[in-house]
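Q: Following this line is coords-v5.txt, made up of compact mmCIF, C-alpha atoms:
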# COMPACT_ATOMS: atom_id res chain seq x y z
CA MET A 1 117.22 49.28 174.69
CA ARG A 2 116.99 52.75 176.15
CA ARG A 3 116.39 55.42 173.51
CA LYS A 4 118.90 58.23 173.09
CA ILE A 5 116.33 61.01 173.44
CA PRO A 6 116.68 64.17 175.56
CA SER A 7 113.88 65.38 177.80
CA THR A 8 110.81 66.83 176.11
CA ALA A 9 110.96 69.88 178.37
CA ALA A 10 114.48 70.63 177.19
CA LEU A 11 113.48 70.25 173.53
CA VAL A 12 110.48 72.53 173.96
CA ALA A 13 112.61 75.17 175.67
CA PHE A 14 115.25 74.91 172.96
CA GLU A 15 112.74 75.13 170.09
CA SER A 16 111.17 78.26 171.59
CA ALA A 17 114.53 79.91 172.27
CA ALA A 18 115.76 79.02 168.77
CA ARG A 19 112.63 80.44 167.16
CA HIS A 20 112.85 83.70 169.11
CA GLN A 21 116.67 83.84 169.26
CA SER A 22 116.09 84.84 172.86
CA PHE A 23 116.00 83.05 176.20
CA THR A 24 113.90 85.87 177.65
CA LYS A 25 111.15 85.60 175.01
CA ALA A 26 111.18 81.81 175.29
CA ALA A 27 110.66 82.12 179.05
CA GLU A 28 107.71 84.47 178.50
CA GLU A 29 106.15 82.11 175.94
CA LEU A 30 106.54 79.04 178.15
CA ALA A 31 105.62 80.79 181.44
CA LEU A 32 109.02 79.90 182.92
CA THR A 33 111.80 81.93 184.44
CA GLN A 34 114.74 82.83 182.23
CA SER A 35 117.05 80.84 184.48
CA ALA A 36 114.83 77.75 184.03
CA VAL A 37 115.11 78.06 180.25
CA CYS A 38 118.88 78.49 180.56
CA ARG A 39 119.12 75.34 182.68
CA GLN A 40 117.04 73.30 180.21
CA ILE A 41 119.17 74.38 177.27
CA ALA A 42 122.43 73.86 179.17
CA ALA A 43 121.25 70.33 180.04
CA LEU A 44 120.39 69.69 176.38
CA GLU A 45 123.82 70.92 175.24
CA ALA A 46 125.46 68.67 177.80
CA PHE A 47 123.35 65.70 176.64
CA LEU A 48 124.27 66.34 172.99
CA GLY A 49 127.85 67.34 173.61
CA VAL A 50 127.25 70.22 171.19
CA GLU A 51 127.03 73.98 171.70
CA LEU A 52 123.66 75.12 170.38
CA PHE A 53 123.87 78.83 171.24
CA ARG A 54 126.71 81.29 171.27
CA ARG A 55 126.38 83.67 174.20
CA THR A 56 127.29 87.31 173.51
CA ARG A 57 126.88 90.61 175.29
CA ARG A 58 123.85 91.32 173.08
CA GLY A 59 122.15 88.02 173.84
CA VAL A 60 122.36 84.62 172.19
CA ARG A 61 122.81 83.41 168.63
CA LEU A 62 122.36 79.92 167.25
CA THR A 63 125.47 78.08 166.18
CA GLU A 64 125.40 76.23 162.85
CA GLU A 65 124.71 73.01 164.73
CA GLY A 66 121.96 74.75 166.72
CA LEU A 67 120.34 76.13 163.57
CA SER A 68 120.30 72.71 161.88
CA TYR A 69 119.07 70.88 164.99
CA GLY A 70 116.44 73.55 165.66
CA ARG A 71 114.86 73.13 162.23
CA ARG A 72 114.60 69.38 162.63
CA ILE A 73 113.32 69.54 166.21
CA ALA A 74 110.66 72.12 165.26
CA ALA A 75 109.32 69.80 162.56
CA GLN A 76 109.26 66.84 164.94
CA LEU A 77 107.51 68.77 167.71
CA ASP A 78 104.91 69.98 165.19
CA ALA A 79 104.28 66.35 164.20
CA VAL A 80 103.92 65.26 167.84
CA GLU A 81 101.47 68.11 168.46
CA ARG A 82 99.39 67.17 165.38
CA ASP A 83 99.26 63.53 166.44
CA THR A 84 98.31 64.50 169.99
CA LEU A 85 95.50 66.78 168.84
CA ALA A 86 94.27 64.05 166.49
CA VAL A 87 94.04 61.52 169.34
CA MET A 88 92.35 64.07 171.61
CA GLY A 89 89.85 64.91 168.89
CA GLN A 90 88.80 61.33 168.16
CA GLN A 91 87.02 60.72 171.47
CA GLY A 92 85.91 57.21 170.60
CA SER A 93 85.39 57.79 166.89
CA THR A 94 87.33 56.13 164.06
CA SER A 95 89.44 58.18 161.71
CA LEU A 96 90.68 57.44 158.20
CA GLU A 97 93.85 59.07 156.94
CA LEU A 98 93.71 59.47 153.16
CA ALA A 99 96.44 60.68 150.84
CA VAL A 100 94.75 62.46 147.94
CA VAL A 101 95.57 64.18 144.67
CA PRO A 102 94.47 67.71 145.61
CA THR A 103 92.30 69.04 142.79
CA PHE A 104 90.35 65.80 142.38
CA ALA A 105 89.76 65.69 146.13
CA THR A 106 88.68 69.35 146.24
CA GLN A 107 86.46 69.38 143.17
CA TRP A 108 85.03 65.85 143.10
CA LEU A 109 85.40 64.12 146.47
CA LEU A 110 84.68 66.91 148.96
CA PRO A 111 81.30 67.93 147.46
CA ARG A 112 80.17 64.31 147.99
CA LEU A 113 81.85 63.59 151.32
CA LYS A 114 78.97 65.01 153.35
CA ASP A 115 76.89 62.04 152.19
CA PHE A 116 79.45 59.61 153.63
CA GLN A 117 79.49 61.53 156.91
CA ARG A 118 75.70 61.32 157.05
CA LEU A 119 75.80 57.54 156.55
CA HIS A 120 78.79 56.96 158.85
CA PRO A 121 78.95 59.71 161.49
CA GLU A 122 81.29 57.55 163.57
CA VAL A 123 84.07 57.82 160.93
CA THR A 124 86.19 60.93 160.49
CA VAL A 125 87.93 61.25 157.11
CA ASN A 126 91.16 63.28 157.08
CA LEU A 127 92.70 64.33 153.75
CA THR A 128 96.35 65.13 153.02
CA ASN A 129 97.76 66.14 149.63
CA ARG A 130 100.08 63.67 147.92
CA THR A 131 100.59 63.90 144.17
CA ARG A 132 103.11 61.08 143.77
CA PRO A 133 103.47 57.44 144.93
CA PHE A 134 104.97 56.72 148.34
CA LEU A 135 105.58 53.80 150.69
CA PHE A 136 102.61 53.22 152.98
CA ALA A 137 104.95 51.64 155.55
CA ASP A 138 106.62 55.03 156.01
CA THR A 139 103.35 56.88 156.69
CA GLU A 140 100.17 56.70 158.75
CA PHE A 141 97.93 56.72 155.65
CA ASP A 142 95.14 54.16 155.50
CA ALA A 143 94.58 54.55 151.75
CA ALA A 144 95.29 56.85 148.82
CA LEU A 145 93.26 58.45 146.03
CA TYR A 146 95.80 58.31 143.24
CA PHE A 147 95.98 59.05 139.50
CA GLY A 148 98.13 56.71 137.47
CA ASP A 149 98.13 52.95 137.05
CA ALA A 150 97.24 50.23 139.54
CA ASP A 151 100.78 48.85 139.81
CA TRP A 152 101.50 49.73 143.45
CA PRO A 153 103.24 46.82 145.27
CA GLY A 154 101.63 45.48 148.43
CA THR A 155 98.27 47.11 147.76
CA ALA A 156 94.84 46.47 146.27
CA ALA A 157 93.53 49.00 143.74
CA ASP A 158 89.91 49.86 142.91
CA PHE A 159 89.22 51.67 139.65
CA LEU A 160 87.27 54.92 140.02
CA MET A 161 87.32 56.72 136.66
CA ARG A 162 89.46 57.78 133.76
CA GLU A 163 90.07 61.40 132.80
CA ASN A 164 88.57 63.01 129.70
CA PRO A 165 90.56 66.26 129.34
CA VAL A 166 89.44 69.03 127.00
CA PRO A 167 91.30 72.19 125.92
CA VAL A 168 90.26 75.25 127.92
CA CYS A 169 91.30 78.88 127.92
CA SER A 170 90.20 82.34 128.90
CA PRO A 171 87.63 83.80 126.46
CA GLU A 172 89.79 86.93 126.22
CA LEU A 173 92.72 84.88 124.91
CA ILE A 174 90.97 84.07 121.62
CA ALA A 175 88.41 86.91 121.42
CA PRO A 176 86.51 87.72 119.29
CA GLN A 177 86.51 84.01 118.40
CA TYR A 178 84.85 81.38 120.57
CA THR A 179 86.04 78.27 118.78
CA LEU A 180 89.35 77.13 117.29
CA ASN A 181 90.54 74.13 115.34
CA ALA A 182 93.34 71.92 116.64
CA ARG A 183 96.10 73.62 114.63
CA GLU A 184 95.00 77.04 115.84
CA ILE A 185 95.19 75.72 119.40
CA ALA A 186 98.68 74.36 118.69
CA ALA A 187 99.80 77.88 117.74
CA LEU A 188 98.93 79.18 121.22
CA PRO A 189 101.04 78.67 124.37
CA LEU A 190 100.35 75.14 125.60
CA LEU A 191 100.19 74.91 129.40
CA GLN A 192 101.62 71.61 130.62
CA GLN A 193 100.70 69.41 133.60
CA THR A 194 103.79 68.08 135.38
CA THR A 195 102.41 64.62 136.17
CA ARG A 196 100.92 64.21 132.68
CA PRO A 197 103.82 65.27 130.43
CA TYR A 198 102.40 63.64 127.28
CA ALA A 199 98.84 64.94 127.63
CA TRP A 200 98.95 67.35 124.70
CA ARG A 201 100.71 64.79 122.47
CA GLN A 202 98.00 62.25 123.26
CA TRP A 203 95.23 64.79 122.68
CA PHE A 204 96.61 65.89 119.29
CA GLY A 205 97.31 62.23 118.45
CA SER A 206 93.65 61.34 119.09
CA LEU A 207 92.88 63.77 116.24
CA GLY A 208 95.47 62.18 113.98
CA LEU A 209 97.90 65.09 114.32
CA GLN A 210 101.59 65.31 115.11
CA ILE A 211 102.45 68.75 116.44
CA GLU A 212 106.03 69.96 116.81
CA GLY A 213 106.62 71.47 120.24
CA ASP A 214 103.59 69.83 121.84
CA MET A 215 105.57 69.33 125.07
CA ARG A 216 106.84 72.90 125.29
CA GLY A 217 105.31 75.43 127.65
CA PRO A 218 105.25 76.25 131.36
CA ARG A 219 104.62 73.30 133.66
CA TYR A 220 102.37 73.22 136.71
CA GLU A 221 102.00 70.37 139.18
CA LEU A 222 98.34 70.92 140.09
CA PHE A 223 95.27 71.26 137.89
CA SER A 224 94.19 74.18 140.07
CA MET A 225 97.38 75.97 138.99
CA LEU A 226 96.71 75.12 135.35
CA ALA A 227 93.19 76.50 135.62
CA GLN A 228 94.42 79.75 137.17
CA ALA A 229 97.06 80.18 134.49
CA ALA A 230 94.49 79.56 131.76
CA MET A 231 92.00 82.01 133.33
CA HIS A 232 94.72 84.67 133.34
CA GLY A 233 95.25 84.27 129.60
CA MET A 234 98.63 82.57 129.82
CA GLY A 235 97.71 79.86 127.33
CA VAL A 236 95.54 76.81 126.70
CA ALA A 237 95.32 73.96 129.21
CA LEU A 238 94.09 70.39 129.01
CA ILE A 239 91.84 69.81 132.02
CA PRO A 240 89.11 67.23 132.77
CA PRO A 241 85.74 69.05 132.98
CA LEU A 242 84.96 67.46 136.36
CA LEU A 243 87.75 69.57 137.90
CA ILE A 244 86.60 72.95 136.55
CA GLN A 245 82.80 72.80 136.55
CA ARG A 246 82.40 76.16 138.30
CA GLU A 247 84.90 77.95 136.05
CA LEU A 248 83.13 76.64 132.95
CA ALA A 249 79.66 77.49 134.29
CA GLU A 250 80.74 81.04 135.10
CA GLY A 251 82.40 81.55 131.72
CA ARG A 252 85.85 82.18 133.17
CA LEU A 253 87.06 79.26 131.06
CA ILE A 254 85.71 78.14 127.70
CA VAL A 255 86.27 75.05 125.57
CA PRO A 256 87.43 76.25 122.13
CA LEU A 257 87.23 72.75 120.61
CA GLN A 258 84.83 70.15 121.99
CA HIS A 259 87.09 67.14 121.73
CA ALA A 260 88.10 64.93 124.64
CA TYR A 261 90.12 61.76 124.82
CA LEU A 262 90.01 59.12 127.53
CA SER A 263 93.41 58.90 129.16
CA ASP A 264 95.14 55.55 129.46
CA LYS A 265 95.61 56.10 133.21
CA ALA A 266 92.90 56.56 135.81
CA TYR A 267 91.94 57.51 139.36
CA TYR A 268 92.18 54.61 141.81
CA LEU A 269 91.57 53.98 145.47
CA ILE A 270 94.77 52.34 146.69
CA VAL A 271 94.55 50.31 149.91
CA PRO A 272 97.61 48.65 151.52
CA GLU A 273 97.10 44.97 152.23
CA ARG A 274 97.66 45.48 155.96
CA LYS A 275 94.63 47.81 156.09
CA ALA A 276 92.26 45.64 154.08
CA GLU A 277 90.31 44.39 157.11
CA SER A 278 89.49 47.84 158.50
CA ALA A 279 85.69 48.14 158.85
CA ALA A 280 85.78 51.92 158.45
CA LEU A 281 87.90 51.63 155.32
CA ARG A 282 85.61 48.97 153.84
CA ALA A 283 82.61 51.26 154.42
CA PHE A 284 84.42 54.17 152.75
CA ARG A 285 85.51 51.97 149.83
CA ASP A 286 81.99 50.69 149.18
CA TRP A 287 80.57 54.21 149.31
CA LEU A 288 83.30 55.64 147.08
CA LEU A 289 82.88 52.94 144.42
CA GLU A 290 79.12 53.62 144.30
CA GLN A 291 79.76 57.34 143.87
CA ALA A 292 82.32 56.76 141.11
CA GLN A 293 80.06 54.33 139.25
CA ALA A 294 77.17 56.82 139.37
CA TYR A 295 79.43 59.58 138.05
CA ARG A 296 80.77 57.42 135.20
CA ARG A 297 77.24 56.44 134.21
CA GLU A 298 75.97 60.03 134.32
CA HIS A 299 78.83 61.38 132.19
CA GLY A 300 79.20 58.50 129.75
CA LEU A 301 82.59 57.40 131.05
CA GLU A 302 81.71 53.72 131.42
Would you kindly transcribe this structure into structure tokens?

A:
Amino acid sequence: MRRKIPSTAALVAFESAARHQSFTKAAEELALTQSAVCRQIAALEAFLGVELFRRTRRGVRLTEEGLSYGRRIAAQLDAVERDTLAVMGQQGSTSLELAVVPTFATQWLLPRLKDFQRLHPEVTVNLTNRTRPFLFADTEFDAALYFGDADWPGTAADFLMRENPVPVCSPELIAPQYTLNAREIAALPLLQQTTRPYAWRQWFGSLGLQIEGDMRGPRYELFSMLAQAAMHGMGVALIPPLLIQRELAEGRLIVPLQHAYLSDKAYYLIVPERKAESAALRAFRDWLLEQAQAYRREHGLE
């Protein structure tokens, strides 16, 4: 069946004209004549049966339909360009597309990834942030580094490590003290992590405490946001040490009470069943599991 898709040239001309709100500037950008841009857009309007621009004495303005269509077309053209550049950049190599939870990927995976590249120079690993589950069938991802449980239909999950969060804050927040007990911590603003809403309740519970208001406080989706808020004295955050090693080493964050608890959820490598036979993915999986096992052993997380 023939697809109902207008010409790419017309879409490119329209996207440029919509972005600039000018046929003249679009023509300059695309190295075309203004009349050529006008013809492309007129052909697109005829194809759609919709007026995309309103012509006035002062120039052109997008109609409501043109504004809506322009936003969607811009996103689609960006995606086509990214995919094209990715194919051009492979040049015979194999690439892996990984969805990753951002702070874990930045602080733990990336410092180690050079070792994988040394062992497998033929494999390019691309990382994209995803903090929540998704359907692999709707994406181009080969695997995901995910925090949660292993119950992800149609996939195989490999355990990497559990989290061991500790309370951290700016030294100025509690100066001149350097340590606090759990109830003193509970009296401070508790910074919350969006994807771990019960973290403080679990941490206090591991000390045998029930604290009223343990789920109150500003919420942040990323640990990097939590760390920044804590460093700016906005409160106390629960963060796994592996994600803030530099901040702790430099004294920008301190641990007022050395008590951690092992979370009931964990980091996993999630691989869809349809990708299980990929040689590049198997090599990455084997390397990643070795790295995670070494880290667990070194930090007593076995």

Q: Find the residues near Gly251 in chain A: any atom within 12 Å, counting all atoms listed in the file, skip ones fewer than 3 places away on the same chain, and give them as a PyMOL selection string.

A: chain A and resi 168-172+178+231+244-248+254-255

Q: Between CA of Ala143 in chain A and CA of Thr155 in chain A, what is the distance, to one decimal in Å?

A: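 About the pair CA of Ala143 in chain A and CA of Thr155 in chain A: they are 9.2 Å apart.
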
Q: If we count only C-alpha atoms, what is near range 192-198 of chain A at a cut-off of 6 Å, once residues fewer than 4 positions away on the same chain are taken out, given as a ChimeraX atom specification?

A: /A:218-221

Q: What does the structure give for the distance between CA of Leu281 in chain A and CA of Thr124 in chain A, in Å to one decimal?

A: 10.8 Å

Q: What does the distance between CA of Ala10 in chain A and CA of Tyr69 in chain A come to in Å, to one decimal place?

A: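 Computing it gives 13.0 Å between the two atoms.
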
Q: For range 179-187 of chain A, please output as a short mmCIF file (atom, residue, chain, number, x, y, z; two decimals) with C-alpha atoms, in the frame of the given file all residues within 9 Å (counting all atoms listed in the file; exclusion window: fewer than 5 positions along the same chain).

A:
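This went into around_21.cif:
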data_model
loop_
_atom_site.label_atom_id
_atom_site.label_comp_id
_atom_site.auth_asym_id
_atom_site.auth_seq_id
_atom_site.Cartn_x
_atom_site.Cartn_y
_atom_site.Cartn_z
CA PRO A 167 91.30 72.19 125.92
CA ILE A 174 90.97 84.07 121.62
CA PHE A 204 96.61 65.89 119.29
CA LEU A 207 92.88 63.77 116.24
CA LEU A 209 97.90 65.09 114.32
CA ILE A 211 102.45 68.75 116.44
CA GLU A 212 106.03 69.96 116.81
CA GLY A 213 106.62 71.47 120.24
CA ASP A 214 103.59 69.83 121.84
CA VAL A 236 95.54 76.81 126.70
CA ILE A 254 85.71 78.14 127.70
CA VAL A 255 86.27 75.05 125.57
CA PRO A 256 87.43 76.25 122.13
CA LEU A 257 87.23 72.75 120.61
CA GLN A 258 84.83 70.15 121.99
#

Q: At a cut-off of 10 Å, using only C-alpha atoms, what residues contact Leu301 in chain A? Leave out same-chain residues fewer than 2 positions from it and give the result as a list in words.

A: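 Residues near the query, excluding close chain neighbours: Met161, Arg162, Glu163, Asn164, Leu262, Gln293, Ala294, Tyr295, Arg296, Arg297, Glu298 and His299 of chain A.
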
Q: Can I get the selection written as a CSV table (one decimal), in the coordinates of the input, with C-alpha atoms?

A:
chain,number,residue,atom,x,y,z
A,161,MET,CA,87.3,56.7,136.7
A,162,ARG,CA,89.5,57.8,133.8
A,163,GLU,CA,90.1,61.4,132.8
A,164,ASN,CA,88.6,63.0,129.7
A,262,LEU,CA,90.0,59.1,127.5
A,293,GLN,CA,80.1,54.3,139.2
A,294,ALA,CA,77.2,56.8,139.4
A,295,TYR,CA,79.4,59.6,138.0
A,296,ARG,CA,80.8,57.4,135.2
A,297,ARG,CA,77.2,56.4,134.2
A,298,GLU,CA,76.0,60.0,134.3
A,299,HIS,CA,78.8,61.4,132.2

Q: Just the residues within 10 Å of Glu140 in chain A, please, counting all atoms listed in the file, with nothing from its chain fewer than 3 positions along; format it as a ChimeraX atom specification.

A: /A:96-99,136-137,143

Q: With all atoms listed in the file as the basis for distance, which of A:Tyr146, A:Phe104, A:Phe14, A:Phe47 is at the shortest distance from Gly66 in chain A?

A: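 Using all atoms listed in the file, the shortest distance to Gly66 in chain A belongs to A:Phe14.
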
Q: Just checking: using all atoms listed in the file, which residue out of A:Ala280, A:Phe147, A:Asp286, A:Trp108 ends up closest to Glu122 in chain A?

A: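 With all atoms listed in the file as the atom set, the closest residue is A:Ala280.
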